[in-house]
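What follows is the content of query_21.pdb, which has PDB, C-alpha atoms and all ligand atoms:
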```pdb
ATOM      1  CA  MET A  25     138.401  64.230 -62.746  1.00  0.00           C
ATOM      2  CA  ILE A  26     138.242  62.484 -59.379  1.00  0.00           C
ATOM      3  CA  SER A  27     136.769  64.734 -56.704  1.00  0.00           C
ATOM      4  CA  VAL A  28     139.080  65.873 -53.936  1.00  0.00           C
ATOM      5  CA  ASN A  29     137.051  63.969 -51.333  1.00  0.00           C
ATOM      6  CA  SER A  30     137.167  60.610 -53.075  1.00  0.00           C
ATOM      7  CA  THR A  31     140.959  60.543 -53.111  1.00  0.00           C
ATOM      8  CA  ASP A  32     141.462  61.945 -49.622  1.00  0.00           C
ATOM      9  CA  PHE A  33     142.335  58.460 -48.421  1.00  0.00           C
ATOM     10  CA  LEU A  34     145.614  58.641 -50.366  1.00  0.00           C
ATOM     11  CA  HIS A  35     146.952  60.888 -47.623  1.00  0.00           C
ATOM     12  CA  ASP A  36     145.726  58.667 -44.786  1.00  0.00           C
ATOM     13  CA  THR A  37     148.249  56.404 -43.175  1.00  0.00           C
ATOM     14  CA  ILE A  38     147.733  52.683 -43.509  1.00  0.00           C
ATOM     15  CA  ARG A  39     147.796  52.246 -39.700  1.00  0.00           C
ATOM     16  CA  ASN A  40     144.055  51.647 -39.295  1.00  0.00           C
ATOM     17  CA  HIS A  41     143.718  49.556 -42.439  1.00  0.00           C
ATOM     18  CA  ILE A  42     146.181  46.764 -41.905  1.00  0.00           C
ATOM     19  CA  ILE A  43     145.409  43.201 -40.830  1.00  0.00           C
ATOM     20  CA  SER A  44     146.966  43.298 -37.377  1.00  0.00           C
ATOM     21  CA  SER A  45     149.745  40.901 -36.448  1.00  0.00           C
ATOM     22  CA  GLU A  46     147.621  38.742 -34.140  1.00  0.00           C
ATOM     23  CA  LYS A  47     145.315  37.927 -37.049  1.00  0.00           C
ATOM     24  CA  VAL A  48     148.112  37.140 -39.494  1.00  0.00           C
ATOM     25  CA  ALA A  49     148.956  33.466 -39.988  1.00  0.00           C
ATOM     26  CA  HIS A  50     152.740  33.103 -39.691  1.00  0.00           C
ATOM     27  CA  VAL A  51     155.530  30.687 -38.915  1.00  0.00           C
ATOM     28  CA  GLN A  52     158.509  31.178 -36.625  1.00  0.00           C
ATOM     29  CA  VAL A  53     162.184  30.861 -37.411  1.00  0.00           C
ATOM     30  CA  GLY A  54     163.221  27.381 -36.359  1.00  0.00           C
ATOM     31  CA  ASN A  55     159.916  25.816 -37.445  1.00  0.00           C
ATOM     32  CA  ASN A  56     160.371  23.003 -39.904  1.00  0.00           C
ATOM     33  CA  ALA A  57     159.057  23.007 -43.456  1.00  0.00           C
ATOM     34  CA  GLU A  58     156.463  20.353 -42.649  1.00  0.00           C
ATOM     35  CA  HIS A  59     154.792  22.673 -40.133  1.00  0.00           C
ATOM     36  CA  ALA A  60     154.966  25.574 -42.623  1.00  0.00           C
ATOM     37  CA  LEU A  61     153.386  23.449 -45.350  1.00  0.00           C
ATOM     38  CA  LEU A  62     150.582  22.572 -42.964  1.00  0.00           C
ATOM     39  CA  VAL A  63     149.943  26.247 -42.099  1.00  0.00           C
ATOM     40  CA  LEU A  64     150.004  27.297 -45.778  1.00  0.00           C
ATOM     41  CA  THR A  65     147.683  24.465 -46.771  1.00  0.00           C
ATOM     42  CA  LYS A  66     145.220  24.954 -43.913  1.00  0.00           C
ATOM     43  CA  THR A  67     145.006  28.757 -44.316  1.00  0.00           C
ATOM     44  CA  GLY A  68     145.013  28.686 -48.105  1.00  0.00           C
ATOM     45  CA  TYR A  69     147.315  31.746 -48.240  1.00  0.00           C
ATOM     46  CA  SER A  70     149.888  31.960 -50.986  1.00  0.00           C
ATOM     47  CA  SER A  71     152.642  33.154 -48.664  1.00  0.00           C
ATOM     48  CA  ILE A  72     153.027  34.006 -44.991  1.00  0.00           C
ATOM     49  CA  PRO A  73     155.522  35.958 -42.863  1.00  0.00           C
ATOM     50  CA  VAL A  74     158.324  34.322 -40.905  1.00  0.00           C
ATOM     51  CA  LEU A  75     158.822  35.957 -37.488  1.00  0.00           C
ATOM     52  CA  ASP A  76     161.330  35.528 -34.689  1.00  0.00           C
ATOM     53  CA  PRO A  77     160.184  34.912 -31.083  1.00  0.00           C
ATOM     54  CA  GLN A  78     160.281  38.702 -30.456  1.00  0.00           C
ATOM     55  CA  TYR A  79     157.812  39.232 -33.326  1.00  0.00           C
ATOM     56  CA  ARG A  80     160.371  40.757 -35.663  1.00  0.00           C
ATOM     57  CA  LEU A  81     159.940  40.052 -39.353  1.00  0.00           C
ATOM     58  CA  LYS A  82     162.580  37.755 -40.833  1.00  0.00           C
ATOM     59  CA  GLY A  83     161.176  36.834 -44.247  1.00  0.00           C
ATOM     60  CA  LEU A  84     158.337  35.406 -46.296  1.00  0.00           C
ATOM     61  CA  LEU A  85     157.607  31.805 -47.108  1.00  0.00           C
ATOM     62  CA  SER A  86     155.432  30.437 -49.903  1.00  0.00           C
ATOM     63  CA  MET A  87     154.261  27.017 -50.953  1.00  0.00           C
ATOM     64  CA  GLY A  88     156.413  27.354 -54.082  1.00  0.00           C
ATOM     65  CA  MET A  89     159.579  27.848 -52.022  1.00  0.00           C
ATOM     66  CA  ILE A  90     158.851  24.656 -50.110  1.00  0.00           C
ATOM     67  CA  THR A  91     158.029  22.476 -53.123  1.00  0.00           C
ATOM     68  CA  GLU A  92     161.062  23.830 -54.974  1.00  0.00           C
ATOM     69  CA  ALA A  93     163.269  22.779 -52.048  1.00  0.00           C
ATOM     70  CA  ILE A  94     161.977  19.196 -51.961  1.00  0.00           C
ATOM     71  CA  LEU A  95     161.829  18.668 -55.691  1.00  0.00           C
ATOM     72  CA  GLY A  96     163.948  15.621 -56.472  1.00  0.00           C
ATOM     73  CA  LEU A  97     164.949  14.381 -59.909  1.00  0.00           C
ATOM     74  CA  GLU A  98     161.951  12.103 -60.276  1.00  0.00           C
ATOM     75  CA  ARG A  99     159.571  12.973 -57.489  1.00  0.00           C
ATOM     76  CA  ILE A 100     158.730  15.358 -54.674  1.00  0.00           C
ATOM     77  CA  GLU A 101     160.660  14.145 -51.625  1.00  0.00           C
ATOM     78  CA  TYR A 102     158.162  14.816 -48.837  1.00  0.00           C
ATOM     79  CA  GLU A 103     160.274  12.925 -46.305  1.00  0.00           C
ATOM     80  CA  ARG A 104     162.803  15.798 -46.368  1.00  0.00           C
ATOM     81  CA  LEU A 105     160.247  18.312 -45.046  1.00  0.00           C
ATOM     82  CA  SER A 106     160.830  17.599 -41.364  1.00  0.00           C
ATOM     83  CA  ASP A 107     164.597  18.174 -41.652  1.00  0.00           C
ATOM     84  CA  MET A 108     164.322  21.563 -43.321  1.00  0.00           C
ATOM     85  CA  LYS A 109     163.975  24.792 -41.355  1.00  0.00           C
ATOM     86  CA  VAL A 110     161.888  27.667 -42.683  1.00  0.00           C
ATOM     87  CA  ASP A 111     164.936  29.941 -42.234  1.00  0.00           C
ATOM     88  CA  GLU A 112     166.746  28.045 -45.013  1.00  0.00           C
ATOM     89  CA  LEU A 113     163.868  28.385 -47.448  1.00  0.00           C
ATOM     90  CA  MET A 114     162.364  31.819 -46.830  1.00  0.00           C
ATOM     91  CA  GLN A 115     162.810  34.854 -48.998  1.00  0.00           C
ATOM     92  CA  THR A 116     164.524  37.651 -47.058  1.00  0.00           C
ATOM     93  CA  ASP A 117     164.662  40.355 -49.712  1.00  0.00           C
ATOM     94  CA  ILE A 118     161.115  41.646 -49.241  1.00  0.00           C
ATOM     95  CA  PRO A 119     159.501  45.073 -49.197  1.00  0.00           C
ATOM     96  CA  VAL A 120     158.535  46.324 -45.750  1.00  0.00           C
ATOM     97  CA  VAL A 121     156.671  49.529 -44.946  1.00  0.00           C
ATOM     98  CA  GLY A 122     156.217  51.521 -41.753  1.00  0.00           C
ATOM     99  CA  ILE A 123     152.842  51.687 -40.033  1.00  0.00           C
ATOM    100  CA  ASP A 124     152.500  55.408 -40.764  1.00  0.00           C
ATOM    101  CA  THR A 125     153.171  55.118 -44.487  1.00  0.00           C
ATOM    102  CA  GLU A 126     150.556  56.958 -46.558  1.00  0.00           C
ATOM    103  CA  PHE A 127     148.319  55.014 -48.935  1.00  0.00           C
ATOM    104  CA  ARG A 128     149.792  56.782 -51.966  1.00  0.00           C
ATOM    105  CA  ARG A 129     153.207  55.367 -51.080  1.00  0.00           C
ATOM    106  CA  VAL A 130     152.091  51.716 -51.074  1.00  0.00           C
ATOM    107  CA  PHE A 131     150.590  51.823 -54.580  1.00  0.00           C
ATOM    108  CA  ASP A 132     153.713  50.876 -56.516  1.00  0.00           C
ATOM    109  CA  LEU A 133     154.643  48.073 -54.153  1.00  0.00           C
ATOM    110  CA  LEU A 134     151.144  46.575 -54.177  1.00  0.00           C
ATOM    111  CA  ILE A 135     151.198  46.319 -57.966  1.00  0.00           C
ATOM    112  CA  ASN A 136     153.831  43.621 -57.692  1.00  0.00           C
ATOM    113  CA  HIS A 137     152.999  42.128 -54.295  1.00  0.00           C
ATOM    114  CA  PRO A 138     149.623  40.832 -53.045  1.00  0.00           C
ATOM    115  CA  PHE A 139     150.454  42.171 -49.579  1.00  0.00           C
ATOM    116  CA  LEU A 140     153.134  44.135 -47.764  1.00  0.00           C
ATOM    117  CA  CYS A 141     154.561  43.478 -44.326  1.00  0.00           C
ATOM    118  CA  VAL A 142     154.202  46.413 -41.946  1.00  0.00           C
ATOM    119  CA  GLU A 143     156.475  47.307 -39.034  1.00  0.00           C
ATOM    120  CA  ASP A 144     155.722  49.570 -36.079  1.00  0.00           C
ATOM    121  CA  GLU A 145     157.937  52.329 -34.691  1.00  0.00           C
ATOM    122  CA  GLU A 146     160.022  49.777 -32.746  1.00  0.00           C
ATOM    123  CA  GLY A 147     160.657  47.631 -35.799  1.00  0.00           C
ATOM    124  CA  MET A 148     158.243  44.949 -34.640  1.00  0.00           C
ATOM    125  CA  PHE A 149     155.921  43.178 -37.052  1.00  0.00           C
ATOM    126  CA  ALA A 150     152.612  45.093 -36.915  1.00  0.00           C
ATOM    127  CA  GLY A 151     150.668  43.226 -39.592  1.00  0.00           C
ATOM    128  CA  ILE A 152     150.095  43.245 -43.334  1.00  0.00           C
ATOM    129  CA  MET A 153     148.625  45.672 -45.832  1.00  0.00           C
ATOM    130  CA  THR A 154     146.849  43.789 -48.603  1.00  0.00           C
ATOM    131  CA  ARG A 155     146.157  44.686 -52.210  1.00  0.00           C
ATOM    132  CA  ARG A 156     142.519  43.806 -51.501  1.00  0.00           C
ATOM    133  CA  VAL A 157     142.199  46.690 -48.994  1.00  0.00           C
ATOM    134  CA  LEU A 158     143.737  49.133 -51.467  1.00  0.00           C
ATOM    135  CA  MET A 159     141.437  47.912 -54.250  1.00  0.00           C
ATOM    136  CA  LYS A 160     138.394  48.403 -52.029  1.00  0.00           C
ATOM    137  CA  LYS A 161     139.494  51.966 -51.262  1.00  0.00           C
ATOM    138  CA  LEU A 162     140.074  52.632 -54.956  1.00  0.00           C
ATOM    139  CA  LYS A 163     136.706  51.147 -55.892  1.00  0.00           C
ATOM    140  CA  LYS A 164     134.971  53.478 -53.440  1.00  0.00           C
ATOM    141  CA  ALA A 165     136.905  56.439 -54.863  1.00  0.00           C
ATOM    142  CA  VAL A 166     136.003  55.521 -58.444  1.00  0.00           C
ATOM    143  CA  TYR A 167     132.309  55.042 -57.624  1.00  0.00           C
ATOM    144  CA  THR A 168     132.147  58.475 -55.983  1.00  0.00           C
ATOM    145  CA  MET A 169     133.779  60.210 -58.976  1.00  0.00           C
ATOM    146  CA  PRO A 170     131.566  62.866 -60.543  1.00  0.00           C
ATOM    147  CA  ARG A 171     130.275  61.791 -63.982  1.00  0.00           C
TER     148      ARG A 171
HETATM  149  P1  LIG B 201     143.861  38.765 -49.891  1.00  0.00           P
HETATM  150  O1  LIG B 201     144.073  40.215 -50.178  1.00  0.00           O
HETATM  151  O2  LIG B 201     142.968  38.523 -48.726  1.00  0.00           O
HETATM  152  O3  LIG B 201     143.507  37.991 -51.114  1.00  0.00           O
HETATM  153  O4  LIG B 201     145.288  38.209 -49.420  1.00  0.00           O
HETATM  154  C1  LIG B 201     146.387  38.261 -50.271  1.00  0.00           C
HETATM  155  C2  LIG B 201     147.523  37.527 -49.626  1.00  0.00           C
HETATM  156  O5  LIG B 201     147.850  38.181 -48.385  1.00  0.00           O
HETATM  157  C3  LIG B 201     147.218  36.083 -49.218  1.00  0.00           C
HETATM  158  O6  LIG B 201     147.433  35.152 -50.249  1.00  0.00           O
HETATM  159  C4  LIG B 201     148.219  35.866 -48.115  1.00  0.00           C
HETATM  160  O7  LIG B 201     149.498  35.571 -48.652  1.00  0.00           O
HETATM  161  C5  LIG B 201     148.236  37.222 -47.428  1.00  0.00           C
HETATM  162  N1  LIG B 201     147.276  37.245 -46.322  1.00  0.00           N
HETATM  163  C6  LIG B 201     146.050  37.829 -46.301  1.00  0.00           C
HETATM  164  N2  LIG B 201     145.465  37.682 -45.095  1.00  0.00           N
HETATM  165  C7  LIG B 201     146.342  36.986 -44.335  1.00  0.00           C
HETATM  166  C8  LIG B 201     146.338  36.504 -42.979  1.00  0.00           C
HETATM  167  N3  LIG B 201     145.314  36.709 -42.147  1.00  0.00           N
HETATM  168  N4  LIG B 201     147.415  35.820 -42.546  1.00  0.00           N
HETATM  169  C9  LIG B 201     148.464  35.603 -43.360  1.00  0.00           C
HETATM  170  N5  LIG B 201     148.539  36.035 -44.634  1.00  0.00           N
HETATM  171  C10 LIG B 201     147.491  36.711 -45.122  1.00  0.00           C
END
```

Mind turning the file's structure into structure tokens?
Amino acid sequence: MISVNSTDFLHDTIRNHIISSEKVAHVQVGNNAEHALLVLTKTGYSSIPVLDPQYRLKGLLSMGMITEAILGLERIEYERLSDMKVDELMQTDIPVVGIDTEFRRVFDLLINHPFLCVEDEEGMFAGIMTRRVLMKKLKKAVYTMPR
């Protein structure tokens, strides 16, 4: 059985464990797909948030969404990138959690998503909670389990 102490973190809120918004690579609504492709390529992230100028979350954009949009019949039509806005390509149906959500509540969502977008009390984008952080917490809990 896992000791009580090792799983205490499950009742902590994620607030102090997120990657804060200023450190999260993102694109803004109105940016074109060429810019987004550049950000995704340079950062190496699989997907990034799309924010409005007031820092409210609008969606998520991945490399796959961009390549899908410029896939022609015989080739990838890179010349179309500059005419496409990220708003047309982004996924808007995404899970979002509040900054005071407990760790135990983000488990299910992080099984299917590598990270979750987090909003503060005012509905502003606060940052992301990654599967990596949860895995590190779990690893620590497992290693402190009594034999
Ligand atoms: P990681 O847990 O570090 O492997 O990150 C998983 C995913 O979370 C990445 O592929 C990105 O989509 C996203 N991510 C992690 N860190 C950042 C960041 N600083 N800015 C934007 N997206 C990030």

Could you spell out the hits of the PyMOL selection byres (((not hetatm)) within 7 of (chain B and resi 201)) on the shown file, as an mmCIF file with C-alpha atoms, in the frame of the given file?
```
data_model
loop_
_atom_site.group_PDB
_atom_site.id
_atom_site.type_symbol
_atom_site.label_atom_id
_atom_site.label_comp_id
_atom_site.auth_asym_id
_atom_site.auth_seq_id
_atom_site.Cartn_x
_atom_site.Cartn_y
_atom_site.Cartn_z
ATOM 1 C CA ILE A 43 145.409 43.201 -40.830
ATOM 2 C CA LYS A 47 145.315 37.927 -37.049
ATOM 3 C CA VAL A 48 148.112 37.140 -39.494
ATOM 4 C CA ALA A 49 148.956 33.466 -39.988
ATOM 5 C CA HIS A 50 152.740 33.103 -39.691
ATOM 6 C CA TYR A 69 147.315 31.746 -48.240
ATOM 7 C CA SER A 70 149.888 31.960 -50.986
ATOM 8 C CA SER A 71 152.642 33.154 -48.664
ATOM 9 C CA ILE A 72 153.027 34.006 -44.991
ATOM 10 C CA PRO A 138 149.623 40.832 -53.045
ATOM 11 C CA PHE A 139 150.454 42.171 -49.579
ATOM 12 C CA THR A 154 146.849 43.789 -48.603
ATOM 13 C CA ARG A 155 146.157 44.686 -52.210
ATOM 14 C CA ARG A 156 142.519 43.806 -51.501
ATOM 15 C CA VAL A 157 142.199 46.690 -48.994
#
```

query = Which residues, written as a ChimeraX atom specification, have at least one atom at most 12 Å from region 161-163 of chain A, with all atoms listed in the file counted and residues fewer than 4 positions away on the same chain left out?
reply = /A:26,30-34,36,38,41,127-128,131,154-157,167-169

Evaluate the PyMOL selection byres (((chain A and resi 39) around 8) and not hetatm) on the structure here and hand back the selected residues as a PDB file with C-alpha atoms, in the coordinates of the input.
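To be explicit, this is the file written out as part00.pdb:
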```pdb
ATOM      1  CA  THR A  37     148.249  56.404 -43.175  1.00  0.00           C
ATOM      2  CA  ILE A  38     147.733  52.683 -43.509  1.00  0.00           C
ATOM      3  CA  ASN A  40     144.055  51.647 -39.295  1.00  0.00           C
ATOM      4  CA  HIS A  41     143.718  49.556 -42.439  1.00  0.00           C
ATOM      5  CA  ILE A  42     146.181  46.764 -41.905  1.00  0.00           C
ATOM      6  CA  ILE A 123     152.842  51.687 -40.033  1.00  0.00           C
ATOM      7  CA  ASP A 124     152.500  55.408 -40.764  1.00  0.00           C
ATOM      8  CA  THR A 125     153.171  55.118 -44.487  1.00  0.00           C
TER       9      THR A 125
END
```

inquiry  = One number please: CA of Val63 (chain A) to CA of Val51 (chain A), in Å, one decimal.
reply    =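 Computed distance, CA of Val63 (chain A) to CA of Val51 (chain A), equals 7.8 Å.
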
Test item: residues at most 10 Å from Glu46 (chain A), all atoms listed in the file, excluding those fewer than 5 positions along its chain, as JSON, numbers by chain = {"A": [149, 150, 151]}

request  = Take CA of Lys109 (chain A) and CA of Glu58 (chain A) and report the distance between them in Å, one decimal.
outcome  =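 Value for the CA of Lys109 (chain A)-CA of Glu58 (chain A) distance: 8.8 Å.
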
request  = Return as a PyMOL selection string the set of residues that the PyMOL selection byres (((chain A and resi 61) around 12) and not hetatm) yields on the displayed structure.
outcome  = chain A and resi 50-51+55-60+62-72+85-91+93-94+102+105-106+108-110+113

ask   = Quick one: residues within 10 Å of Pro77 (chain A), only C-alpha atoms counted, chain neighbours fewer than 4 positions away excluded, as a PyMOL selection string?
value = chain A and resi 52-54+81

ask   = Pick from A:Ile100, A:Met114, A:Met159, A:Val166: nearest to Ile135 (chain A), with only C-alpha atoms counted?
value =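 Checking each of A:Ile100, A:Met114, A:Met159, A:Val166 against Ile135 (chain A), counting only C-alpha atoms, the winner is A:Met159.
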
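You will find CA of Asp132 (chain A) at 17.8 Å from CA of Ala165 (chain A).
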
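Of the listed residues A:Val130, A:Leu97, A:Val74, A:Val120, the one whose atoms come nearest to Glu143 (chain A) is A:Val120, with distances taken using only C-alpha atoms.
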
request  = Check the smallest atom-to-atom distance from each of A:Met153, A:Leu95, A:Ile118, A:Met148 to Leu134 (chain A) using only C-alpha atoms, then report the winner.
outcome  = A:Met153

As lines of an AutoDock Vina configuration file: centre and edge lengths in Å, one decimal, of the axis-aligned box holding region 116-124 of chain A with 3 Å per side:
```
center_x = 158.6
center_y = 46.5
center_z = -44.9
size_x = 18.2
size_y = 23.8
size_z = 15.7
```
